[in-house]
file model_0.cif (mmCIF, C-alpha atoms)
data_final
#
loop_
_atom_site.label_atom_id
_atom_site.label_comp_id
_atom_site.auth_asym_id
_atom_site.auth_seq_id
_atom_site.Cartn_x
_atom_site.Cartn_y
_atom_site.Cartn_z
CA MET A 1 -69.10 34.14 11.20
CA PRO A 2 -69.69 32.04 14.31
CA SER A 3 -73.22 30.70 14.68
CA LEU A 4 -75.51 31.56 17.58
CA GLU A 5 -74.87 28.08 18.92
CA GLU A 6 -71.07 28.56 18.83
CA GLU A 7 -71.30 31.97 20.49
CA LEU A 8 -73.73 31.08 23.25
CA PHE A 9 -73.10 27.36 23.75
CA PRO A 10 -69.29 27.05 23.84
CA SER A 11 -67.72 23.58 23.83
CA THR A 12 -66.40 23.86 27.34
CA PRO A 13 -68.33 24.22 29.70
CA GLY A 14 -79.26 9.99 76.62
CA LYS A 15 -81.00 9.16 78.57
CA PHE A 16 -82.36 11.04 81.55
CA LYS A 17 -83.05 9.64 85.02
CA ILE A 18 -86.63 10.03 86.18
CA ASP A 19 -87.14 10.92 89.83
CA ARG A 20 -89.28 8.64 91.86
CA ALA A 21 -92.91 9.50 92.27
CA HIS A 22 -92.68 10.41 95.96
CA THR A 23 -89.85 12.86 95.24
CA MET A 24 -91.99 14.60 92.67
CA ASN A 25 -94.88 14.72 95.15
CA ARG A 26 -92.74 16.48 97.77
CA GLN A 27 -91.69 19.10 95.24
CA PHE A 28 -95.21 19.76 94.09
CA ASN A 29 -96.47 19.96 97.68
CA ARG A 30 -93.91 22.63 98.48
CA CYS A 31 -94.75 24.64 95.37
CA PHE A 32 -98.49 24.44 95.64
CA ALA A 33 -99.06 24.69 99.42
CA SER A 34 -102.31 26.56 98.97
CA THR A 35 -105.06 27.01 96.41
CA SER A 36 -104.11 30.63 95.80
CA THR A 37 -100.52 29.65 95.08
CA MET A 38 -101.66 27.00 92.58
CA PHE A 39 -103.89 29.58 90.84
CA LEU A 40 -101.01 32.01 90.48
CA TRP A 41 -98.74 29.30 89.12
CA ALA A 42 -101.41 28.30 86.62
CA LEU A 43 -101.74 31.87 85.36
CA PHE A 44 -97.97 32.12 85.05
CA LEU A 45 -97.72 28.88 83.07
CA ILE A 46 -100.55 29.94 80.76
CA ALA A 47 -98.89 33.30 80.12
CA LEU A 48 -95.52 31.64 79.54
CA THR A 49 -96.99 29.14 77.10
CA ALA A 50 -98.84 31.84 75.17
CA SER A 51 -95.70 33.96 74.97
CA TYR A 52 -93.69 30.99 73.71
CA LEU A 53 -96.22 30.07 71.05
CA SER A 54 -96.43 33.66 69.87
CA PHE A 55 -92.66 33.93 69.66
CA GLN A 56 -92.38 30.57 67.90
CA SER A 57 -94.95 31.65 65.35
CA PHE A 58 -92.94 34.80 64.68
CA VAL A 59 -89.73 32.82 64.27
CA ASP A 60 -91.37 30.29 61.97
CA SER A 61 -92.89 32.94 59.74
CA GLY A 62 -89.64 34.83 59.63
CA SER A 63 -87.78 31.66 58.81
CA ARG A 64 -90.13 30.90 55.94
CA TYR A 65 -89.62 34.41 54.59
CA PHE A 66 -85.86 34.44 54.78
CA THR A 67 -85.41 30.89 53.49
CA ALA A 68 -87.83 31.28 50.60
CA SER A 69 -86.32 30.62 47.17
CA TRP A 70 -87.77 33.87 45.86
CA GLY A 71 -88.56 37.35 47.11
CA GLY A 72 -86.69 40.34 48.45
CA ILE A 73 -85.32 43.61 47.13
CA GLN A 74 -82.23 42.09 45.51
CA TRP A 75 -84.30 39.37 43.84
CA GLU A 76 -86.67 41.94 42.37
CA LYS A 77 -83.75 44.02 41.15
CA GLN A 78 -82.30 41.00 39.30
CA ILE A 79 -85.63 40.41 37.60
CA ARG A 80 -85.99 44.04 36.50
CA ASN A 81 -82.44 44.11 35.15
CA SER A 82 -82.97 40.88 33.22
CA ALA A 83 -86.23 42.19 31.74
CA GLN A 84 -84.71 45.41 30.41
CA ILE A 85 -85.14 45.88 26.65
CA HIS A 86 -82.06 46.95 24.67
CA ARG A 87 -83.45 47.48 21.17
CA SER A 88 -86.03 49.67 19.52
CA LYS A 89 -89.51 48.12 19.59
CA GLY A 90 -88.16 45.19 21.59
CA MET A 91 -90.19 42.94 23.84
CA SER A 92 -90.00 41.78 27.44
CA VAL A 93 -90.54 38.03 27.57
CA LEU A 94 -91.25 35.63 30.43
CA VAL A 95 -89.84 32.27 29.34
CA THR A 96 -91.11 29.29 31.30
CA GLY A 97 -88.93 26.18 31.27
CA ALA A 98 -86.00 28.48 30.57
CA ALA A 99 -83.40 25.96 31.79
CA GLY A 100 -84.84 23.34 29.47
CA PHE A 101 -83.59 22.38 26.03
CA VAL A 102 -85.73 24.62 23.84
CA GLY A 103 -86.25 27.23 26.55
CA SER A 104 -82.54 27.94 27.01
CA HIS A 105 -81.89 28.31 23.29
CA VAL A 106 -84.88 30.61 22.77
CA SER A 107 -83.91 32.73 25.78
CA LEU A 108 -80.41 33.23 24.44
CA ALA A 109 -81.62 34.13 20.96
CA LEU A 110 -84.01 36.76 22.35
CA LYS A 111 -81.37 38.22 24.66
CA LYS A 112 -78.81 38.40 21.87
CA ARG A 113 -81.03 40.61 19.74
CA GLY A 114 -81.82 42.96 22.63
CA ASP A 115 -85.08 41.71 24.09
CA GLY A 116 -85.68 41.54 27.84
CA VAL A 117 -85.84 37.97 29.13
CA VAL A 118 -86.79 36.55 32.52
CA GLY A 119 -86.80 32.78 32.96
CA ILE A 120 -88.53 30.43 35.36
CA ASP A 121 -87.79 26.73 35.85
CA ASN A 122 -88.39 24.20 38.63
CA PHE A 123 -85.23 22.18 37.88
CA ASN A 124 -86.97 18.87 38.48
CA ASN A 125 -85.17 15.53 38.22
CA TYR A 126 -87.00 14.04 35.23
CA TYR A 127 -83.50 13.93 33.79
CA ASP A 128 -80.12 14.89 35.25
CA PRO A 129 -80.59 18.38 36.77
CA SER A 130 -76.88 19.10 36.26
CA LEU A 131 -77.57 19.61 32.56
CA LYS A 132 -80.23 22.19 33.45
CA LYS A 133 -77.79 23.87 35.84
CA ALA A 134 -75.24 24.04 33.01
CA ARG A 135 -77.77 25.72 30.76
CA LYS A 136 -78.65 28.11 33.58
CA SER A 137 -75.00 29.06 33.91
CA LEU A 138 -74.85 29.90 30.20
CA LEU A 139 -77.95 32.06 30.51
CA ASN A 140 -76.61 33.83 33.61
CA ASN A 141 -73.42 34.64 31.70
CA GLN A 142 -75.56 36.46 29.15
CA GLY A 143 -77.44 38.46 31.79
CA ILE A 144 -80.56 36.29 31.89
CA PHE A 145 -81.98 35.71 35.36
CA ILE A 146 -83.83 32.43 36.01
CA VAL A 147 -86.29 32.20 38.88
CA GLU A 148 -86.24 28.77 40.51
CA GLY A 149 -89.92 28.00 41.01
CA ASP A 150 -92.95 26.12 39.72
CA ILE A 151 -95.50 27.53 37.30
CA ASN A 152 -98.21 26.12 39.61
CA ASP A 153 -97.15 28.64 42.25
CA ALA A 154 -99.80 31.27 41.60
CA ARG A 155 -98.30 33.73 44.13
CA LEU A 156 -94.92 33.56 42.42
CA ILE A 157 -96.34 34.01 38.92
CA ALA A 158 -98.46 36.95 40.10
CA LYS A 159 -95.40 38.50 41.72
CA LEU A 160 -93.41 38.27 38.48
CA PHE A 161 -96.18 40.08 36.60
CA ASP A 162 -96.32 42.65 39.38
CA ILE A 163 -92.60 43.38 38.98
CA VAL A 164 -92.47 43.38 35.17
CA GLY A 165 -95.06 44.30 32.60
CA PHE A 166 -94.26 41.44 30.24
CA THR A 167 -95.29 42.03 26.65
CA HIS A 168 -94.99 38.33 25.78
CA VAL A 169 -94.93 34.92 27.45
CA MET A 170 -93.00 32.04 25.85
CA HIS A 171 -94.46 29.02 27.66
CA LEU A 172 -92.11 26.05 27.25
CA ALA A 173 -92.34 24.49 30.72
CA ALA A 174 -93.90 21.03 30.54
CA GLN A 175 -93.58 17.43 31.57
CA ALA A 176 -92.11 15.93 28.43
CA GLY A 177 -91.73 12.34 27.23
CA VAL A 178 -94.24 9.86 25.89
CA ARG A 179 -93.22 6.70 27.77
CA TYR A 180 -92.69 8.28 31.21
CA ALA A 181 -96.43 8.99 31.34
CA MET A 182 -96.99 5.30 32.07
CA GLU A 183 -94.81 5.61 35.20
CA ASN A 184 -95.89 9.00 36.53
CA PRO A 185 -99.15 10.13 34.91
CA HIS A 186 -99.95 12.73 37.58
CA SER A 187 -96.84 14.75 36.72
CA TYR A 188 -98.30 15.39 33.26
CA VAL A 189 -101.58 16.70 34.63
CA HIS A 190 -99.69 18.82 37.19
CA SER A 191 -97.41 20.50 34.66
CA ASN A 192 -99.17 20.39 31.31
CA ILE A 193 -102.71 21.18 32.45
CA ALA A 194 -102.75 22.67 35.98
CA GLY A 195 -99.55 24.62 35.37
CA LEU A 196 -100.85 25.96 32.07
CA VAL A 197 -104.09 27.16 33.69
CA THR A 198 -102.19 28.86 36.52
CA LEU A 199 -100.09 30.74 33.99
CA LEU A 200 -103.05 31.72 31.83
CA GLU A 201 -104.90 33.02 34.89
CA ALA A 202 -102.01 35.37 35.58
CA CYS A 203 -101.89 36.43 31.93
CA LYS A 204 -105.61 37.21 31.75
CA LEU A 205 -105.43 39.44 34.86
CA ALA A 206 -102.33 41.32 33.73
CA ASN A 207 -102.72 44.88 32.52
CA PRO A 208 -101.78 45.00 29.77
CA GLN A 209 -102.21 41.35 28.88
CA PRO A 210 -99.20 39.69 27.25
CA SER A 211 -99.31 37.71 24.04
CA VAL A 212 -98.80 34.00 24.70
CA VAL A 213 -96.77 31.58 22.59
CA TRP A 214 -96.59 28.04 23.92
CA ALA A 215 -95.30 24.59 23.05
CA SER A 216 -97.89 22.07 22.03
CA SER A 217 -96.57 18.92 20.33
CA SER A 218 -96.71 16.91 17.14
CA SER A 219 -97.91 14.09 19.42
CA VAL A 220 -101.43 15.54 19.20
CA TYR A 221 -101.74 13.96 15.74
CA GLY A 222 -101.79 10.61 17.53
CA LEU A 223 -103.04 7.72 15.42
CA ASN A 224 -103.48 9.73 12.22
CA GLU A 225 -102.34 7.84 9.16
CA LYS A 226 -102.64 10.72 6.69
CA VAL A 227 -99.27 12.34 6.00
CA PRO A 228 -97.87 14.89 6.12
CA PHE A 229 -99.64 16.14 9.25
CA SER A 230 -101.43 19.45 8.73
CA GLU A 231 -102.81 21.83 11.34
CA SER A 232 -106.36 21.21 10.07
CA ASP A 233 -106.11 17.42 10.54
CA ARG A 234 -108.08 15.67 13.30
CA THR A 235 -106.33 15.54 16.68
CA ASP A 236 -108.87 13.59 18.73
CA GLN A 237 -107.06 10.24 18.73
CA PRO A 238 -104.11 10.67 21.13
CA ALA A 239 -101.82 7.65 21.49
CA SER A 240 -100.37 8.70 24.86
CA LEU A 241 -101.28 10.63 28.00
CA TYR A 242 -98.61 13.18 27.07
CA ALA A 243 -100.38 13.78 23.75
CA ALA A 244 -103.74 14.01 25.53
CA THR A 245 -102.45 16.71 27.89
CA LYS A 246 -101.06 18.71 24.98
CA LYS A 247 -104.36 18.42 23.12
CA ALA A 248 -106.13 19.54 26.30
CA GLY A 249 -103.75 22.49 26.38
CA GLU A 250 -104.85 23.53 22.90
CA GLU A 251 -108.50 23.48 23.98
CA ILE A 252 -107.73 25.37 27.21
CA THR A 253 -105.77 28.10 25.44
CA HIS A 254 -108.57 28.47 22.90
CA THR A 255 -110.99 29.05 25.79
CA TYR A 256 -108.83 31.80 27.29
CA ASN A 257 -108.49 33.38 23.87
CA HIS A 258 -112.26 33.30 23.33
CA ILE A 259 -113.36 34.49 26.78
CA TYR A 260 -110.55 36.80 27.89
CA GLY A 261 -109.02 38.07 24.66
CA LEU A 262 -105.57 36.53 25.08
CA SER A 263 -103.49 36.35 21.92
CA VAL A 264 -102.39 32.71 21.72
CA THR A 265 -100.05 30.86 19.39
CA GLY A 266 -99.52 27.10 19.82
CA LEU A 267 -96.48 25.43 18.29
CA ARG A 268 -96.47 21.74 17.44
CA PHE A 269 -92.81 20.75 17.66
CA PHE A 270 -91.55 17.76 15.68
CA THR A 271 -88.73 15.74 17.37
CA VAL A 272 -86.34 18.53 18.31
CA TYR A 273 -82.64 17.61 18.63
CA GLY A 274 -79.26 19.29 19.02
CA PRO A 275 -76.61 20.42 21.53
CA PHE A 276 -77.72 20.59 25.18
CA GLY A 277 -80.68 18.38 24.27
CA ARG A 278 -82.75 16.08 26.46
CA PRO A 279 -81.01 12.86 27.57
CA ASP A 280 -84.26 10.88 27.32
CA MET A 281 -84.44 11.41 23.55
CA ALA A 282 -83.36 8.53 21.30
CA TYR A 283 -80.51 10.32 19.51
CA PHE A 284 -79.03 11.34 22.90
CA SER A 285 -79.34 7.95 24.59
CA PHE A 286 -78.11 6.18 21.45
CA THR A 287 -74.98 8.36 21.48
CA ARG A 288 -74.35 7.63 25.15
CA ASN A 289 -74.78 3.87 24.80
CA ILE A 290 -72.75 3.58 21.60
CA LEU A 291 -69.80 5.34 23.25
CA GLN A 292 -70.11 3.15 26.36
CA GLY A 293 -70.25 -0.05 24.33
CA LYS A 294 -73.82 -0.80 25.40
CA PRO A 295 -76.53 -2.11 23.07
CA ILE A 296 -79.21 0.25 21.78
CA THR A 297 -82.84 -0.74 21.35
CA ILE A 298 -84.37 0.07 17.98
CA TYR A 299 -88.12 -0.31 17.67
CA ARG A 300 -89.88 -1.25 14.48
CA GLY A 301 -93.54 -0.96 13.57
CA LYS A 302 -96.11 -3.34 12.16
CA ASN A 303 -94.94 -5.62 9.37
CA ARG A 304 -91.33 -4.87 10.36
CA VAL A 305 -91.59 -1.31 9.07
CA ASP A 306 -88.89 1.06 10.34
CA LEU A 307 -90.06 3.92 12.54
CA ALA A 308 -89.49 7.40 11.10
CA ARG A 309 -89.35 10.84 12.64
CA ASP A 310 -89.36 14.38 11.29
CA PHE A 311 -86.17 15.35 13.16
CA THR A 312 -85.91 19.15 13.53
CA TYR A 313 -82.70 20.90 14.56
CA ILE A 314 -82.88 23.25 17.52
CA ASP A 315 -81.76 26.36 15.59
CA ASP A 316 -84.69 25.93 13.21
CA ILE A 317 -87.13 25.53 16.10
CA VAL A 318 -85.74 28.71 17.67
CA LYS A 319 -86.40 30.61 14.45
CA GLY A 320 -90.00 29.41 14.52
CA CYS A 321 -90.43 30.41 18.18
CA VAL A 322 -89.00 33.88 17.66
CA GLY A 323 -91.03 34.35 14.48
CA SER A 324 -94.18 33.41 16.41
CA LEU A 325 -93.42 36.01 19.08
CA ASP A 326 -92.75 38.67 16.46
CA THR A 327 -96.06 38.05 14.65
CA SER A 328 -98.25 37.17 17.65
CA GLY A 329 -100.44 40.26 17.58
CA LYS A 330 -101.81 41.89 20.70
CA SER A 331 -104.11 40.54 23.37
CA THR A 332 -107.30 42.56 23.61
CA GLY A 333 -108.34 42.07 27.23
CA SER A 334 -107.55 44.05 30.33
CA GLY A 335 -107.87 42.92 33.93
CA GLY A 336 -109.65 39.74 32.85
CA LYS A 337 -112.17 41.45 30.55
CA LYS A 338 -112.16 40.95 26.78
CA ARG A 339 -112.50 44.04 24.61
CA GLY A 340 -112.40 42.39 21.21
CA PRO A 341 -111.25 39.32 19.24
CA ALA A 342 -107.58 38.35 19.54
CA PRO A 343 -105.41 36.11 17.35
CA TYR A 344 -105.50 32.36 17.94
CA ARG A 345 -103.02 30.37 15.87
CA ILE A 346 -101.46 26.90 15.69
CA PHE A 347 -98.39 26.02 13.63
CA ASN A 348 -96.37 22.93 12.84
CA LEU A 349 -92.63 23.41 13.33
CA GLY A 350 -90.80 20.54 11.68
CA ASN A 351 -88.19 19.77 9.07
CA THR A 352 -90.68 18.14 6.67
CA SER A 353 -88.10 15.44 5.81
CA PRO A 354 -88.73 12.28 7.88
CA VAL A 355 -85.76 9.95 8.45
CA THR A 356 -85.95 6.37 9.68
CA VAL A 357 -84.43 5.49 13.04
CA PRO A 358 -81.92 2.98 11.50
CA THR A 359 -80.68 5.81 9.26
CA LEU A 360 -80.26 8.02 12.33
CA VAL A 361 -78.11 5.30 13.93
CA LYS A 362 -75.92 4.99 10.84
CA ILE A 363 -75.26 8.74 10.86
CA LEU A 364 -74.32 8.59 14.55
CA GLU A 365 -71.97 5.65 13.91
CA ARG A 366 -70.25 7.63 11.17
CA HIS A 367 -69.69 10.73 13.31
CA LEU A 368 -68.77 8.78 16.46
CA ARG A 369 -66.59 6.33 14.52
CA VAL A 370 -67.99 3.53 16.67
CA LYS A 371 -70.22 0.65 15.59
CA ALA A 372 -73.51 0.34 17.45
CA LYS A 373 -74.68 -2.89 19.05
CA ARG A 374 -78.27 -3.12 17.83
CA ASN A 375 -81.18 -4.79 19.59
CA ILE A 376 -84.17 -4.63 17.23
CA VAL A 377 -87.59 -5.29 18.77
CA ASP A 378 -91.23 -4.71 17.89
CA MET A 379 -92.67 -1.43 19.12
CA PRO A 380 -94.56 -1.93 22.40
CA GLY A 381 -97.87 -0.28 23.17
CA ASN A 382 -96.29 2.53 25.19
CA GLY A 383 -97.70 5.55 23.40
CA ASP A 384 -95.16 5.87 20.60
CA VAL A 385 -96.37 6.34 17.04
CA PRO A 386 -94.75 4.80 13.94
CA PHE A 387 -94.00 8.02 12.08
CA THR A 388 -94.23 11.82 12.13
CA HIS A 389 -94.14 14.15 9.16
CA ALA A 390 -94.88 17.87 9.26
CA ASN A 391 -96.63 19.98 6.68
CA ILE A 392 -95.03 23.36 7.38
CA SER A 393 -96.62 25.43 4.62
CA LEU A 394 -98.70 27.49 7.07
CA ALA A 395 -95.64 28.38 9.17
CA GLN A 396 -93.73 29.23 6.02
CA ARG A 397 -96.46 31.59 4.89
CA GLU A 398 -97.30 33.24 8.22
CA LEU A 399 -93.95 33.14 10.07
CA GLY A 400 -91.42 33.03 7.28
CA TYR A 401 -90.33 29.72 8.79
CA LYS A 402 -87.75 27.86 6.74
CA PRO A 403 -85.73 25.00 8.26
CA THR A 404 -82.19 24.86 6.90
CA THR A 405 -80.43 22.05 8.82
CA ASP A 406 -80.63 18.46 7.61
CA LEU A 407 -80.13 15.51 9.97
CA GLU A 408 -76.57 14.79 8.80
CA THR A 409 -75.44 18.34 9.57
CA GLY A 410 -77.40 18.62 12.80
CA LEU A 411 -76.13 15.34 14.24
CA LYS A 412 -72.56 16.31 13.39
CA LYS A 413 -72.99 19.45 15.52
CA PHE A 414 -74.62 17.47 18.31
CA VAL A 415 -71.86 14.85 18.40
CA LYS A 416 -69.19 17.54 18.50
CA TRP A 417 -70.93 19.12 21.50
CA TYR A 418 -71.50 15.78 23.24
CA LEU A 419 -67.90 14.61 22.96
CA THR A 420 -66.65 17.88 24.41
CA TYR A 421 -69.29 18.34 27.11
CA TYR A 422 -68.84 14.80 28.49
CA GLY A 423 -65.05 14.84 28.30
CA TYR A 424 -64.35 12.51 25.39
CA ASN A 425 -62.18 15.20 23.80
CA ARG A 426 -60.12 15.34 27.00
CA GLY A 427 -58.95 11.75 27.00
CA LYS A 428 -62.10 9.99 28.17
CA ALA A 429 -62.12 6.48 26.78
CA VAL A 430 -64.43 5.50 23.95
CA HIS A 431 -65.39 1.82 24.05
#

call {"tool": "encode", "arguments": {"input": "model_0.cif", "output": "structure tokens"}}
result
Amino acid sequence: MPSLEEELFPSTPGKFKIDRAHTMNRQFNRCFASTSTMFLWALFLIALTASYLSFQSFVDSGSRYFTASWGGIQWEKQIRNSAQIHRSKGMSVLVTGAAGFVGSHVSLALKKRGDGVVGIDNFNNYYDPSLKKARKSLLNNQGIFIVEGDINDARLIAKLFDIVGFTHVMHLAAQAGVRYAMENPHSYVHSNIAGLVTLLEACKLANPQPSVVWASSSSVYGLNEKVPFSESDRTDQPASLYAATKKAGEEITHTYNHIYGLSVTGLRFFTVYGPFGRPDMAYFSFTRNILQGKPITIYRGKNRVDLARDFTYIDDIVKGCVGSLDTSGKSTGSGGKKRGPAPYRIFNLGNTSPVTVPTLVKILERHLRVKAKRNIVDMPGNGDVPFTHANISLAQRELGYKPTTDLETGLKKFVKWYLTYYGYNRGKAVH
């Protein structure tokens, strides 16, 4: 039987003369021969100016309406159609970051089983937007409508909730990446904190309130040295601004759960990889550089220790996301007022089998059949941590979460997708 990935992510995808002053004087003298004439002309000019400004204001407002990226009868119809549920006891889900890596896969999985799905994404240029457009095309082909907009747009979010009574929100929109925070820190506050609050405000006021599942990050474990990382471990030592914003998100969501009765589930993802992934991730950039004959930079930790990551394949992450939605429980508030306690949960979603980065490179070399040019350097102080390792026992017990894809198998699937998507299987040269 073809996998979900095979079914939904197929391989192919000048100048004017000025009259002299005395000429102007003659003209004005003829026009304004008397005081009464000047008064009448003044009234006329005032009326003309007021009429023009009024008309211009009308045109401008009309222009803003008709050129807006959202709104209108047809737009609302597309949203309602996309949100329609096609299974018994199904859910209607607003997926933020739907054109992103995890967001697109989760949206497709929900749609395939008959749930209603509406996406929203701002299609920013943190990485090549063409990849996001390609994901959007795949979602459109499956009947999933994606609104192009920002989660900080409170009017837009409120409008979506006005059109559809969403039962669940899958919040995956975020500014990702650890190192980019040193270049553009404000983007992390804008997306990961302000955007989250804007969304939660809409959720708290909805009637009925939706259940919220959102992406936190394994980065919240920061400088912890105890492994594997467990949900009860301390998370007050972030190593990056990205991690700090995700930790802030956990505190903010807890507040909305406590005050307003929102059901909230936070998911700490561990190094997600796979087809249609993010180009800024190491496995993706390594693949690109190896094929182009460029050197790859491999960081190592203190005392020349290899860095290790708990690489988790996208299909396993999707299972955890869907399981979280299915077991989220109901929010208990209505119109911003809490009527009772609501579930608040946090889960690790990982593979619980860390692999060193040099081992990752060897697997890529084997599947690409190209030798990598290595440049090994000490890890800089840019927010990266030396290792990640997930304890997933809580997710196993509460969600039935069970990862099934090891790194060897997952990278083989990724490489197959990469070679096809970027044209290497159509005669593109491999250095």

call {"tool": "atom_distance", "arguments": {"input": "model_0.cif", "atom1": "atom CA of A:Pro380", "atom2": "atom CA of A:Val189"}}
result
23.4 Å

call {"tool": "residues_near_point", "arguments": {"input": "model_0.cif", "point": "(-82.6, 42.6, 31.5)", "cutoff": "8 Å", "atoms": "all atoms listed in the file", "output": "list in words"}}
result
Gln78, Ile79, Arg80, Asn81, Ser82, Ala83, Gln84, Ile85, Asp115, Gly116, Val117, Val118, Gly143, Ile144 and Phe145 of chain A

call {"tool": "residues_around", "arguments": {"input": "model_0.cif", "residues": "A:Leu360", "least_positions_apart": "4", "cutoff": "10 Å", "atoms": "all atoms listed in the file", "output": "list in words"}}
result
Ala282, Tyr283, Phe286, Ala308, Arg309, Phe311, Val355, Thr356, Leu364, Glu365, Leu407, Glu408 and Leu411 of chain A

call {"tool": "atom_distance", "arguments": {"input": "model_0.cif", "atom1": "atom CA of A:Arg278", "atom2": "atom CA of A:Leu160"}}
result
27.4 Å

call {"tool": "closest_residue", "arguments": {"input": "model_0.cif", "among": "A:Cys203, A:Met170, A:Leu349, A:Cys321", "to": "A:Asn391", "atoms": "all atoms listed in the file"}}
result
A:Leu349

call {"tool": "closest_residue", "arguments": {"input": "model_0.cif", "among": "A:Gly71, A:Gly350, A:Gly177, A:Gly261", "to": "A:Val147", "atoms": "only C-alpha atoms"}}
result
A:Gly71

call {"tool": "resolve_selection", "arguments": {"input": "model_0.cif", "expression": "the PyMOL selection byres ((chain A and resi 215) around 7)", "output": "PDB file with C-alpha atoms, in the frame of the given file"}}
result
ATOM      1  CA  HIS A 171     -94.460  29.020  27.660  1.00  0.00           C
ATOM      2  CA  LEU A 172     -92.110  26.050  27.250  1.00  0.00           C
ATOM      3  CA  TRP A 214     -96.590  28.040  23.920  1.00  0.00           C
ATOM      4  CA  SER A 216     -97.890  22.070  22.030  1.00  0.00           C
ATOM      5  CA  SER A 217     -96.570  18.920  20.330  1.00  0.00           C
ATOM      6  CA  GLY A 266     -99.520  27.100  19.820  1.00  0.00           C
ATOM      7  CA  LEU A 267     -96.480  25.430  18.290  1.00  0.00           C
ATOM      8  CA  ARG A 268     -96.470  21.740  17.440  1.00  0.00           C
TER       9      ARG A 268
END

call {"tool": "atom_distance", "arguments": {"input": "model_0.cif", "atom1": "atom CA of A:Leu110", "atom2": "atom CA of A:Gly72"}}
result
26.5 Å
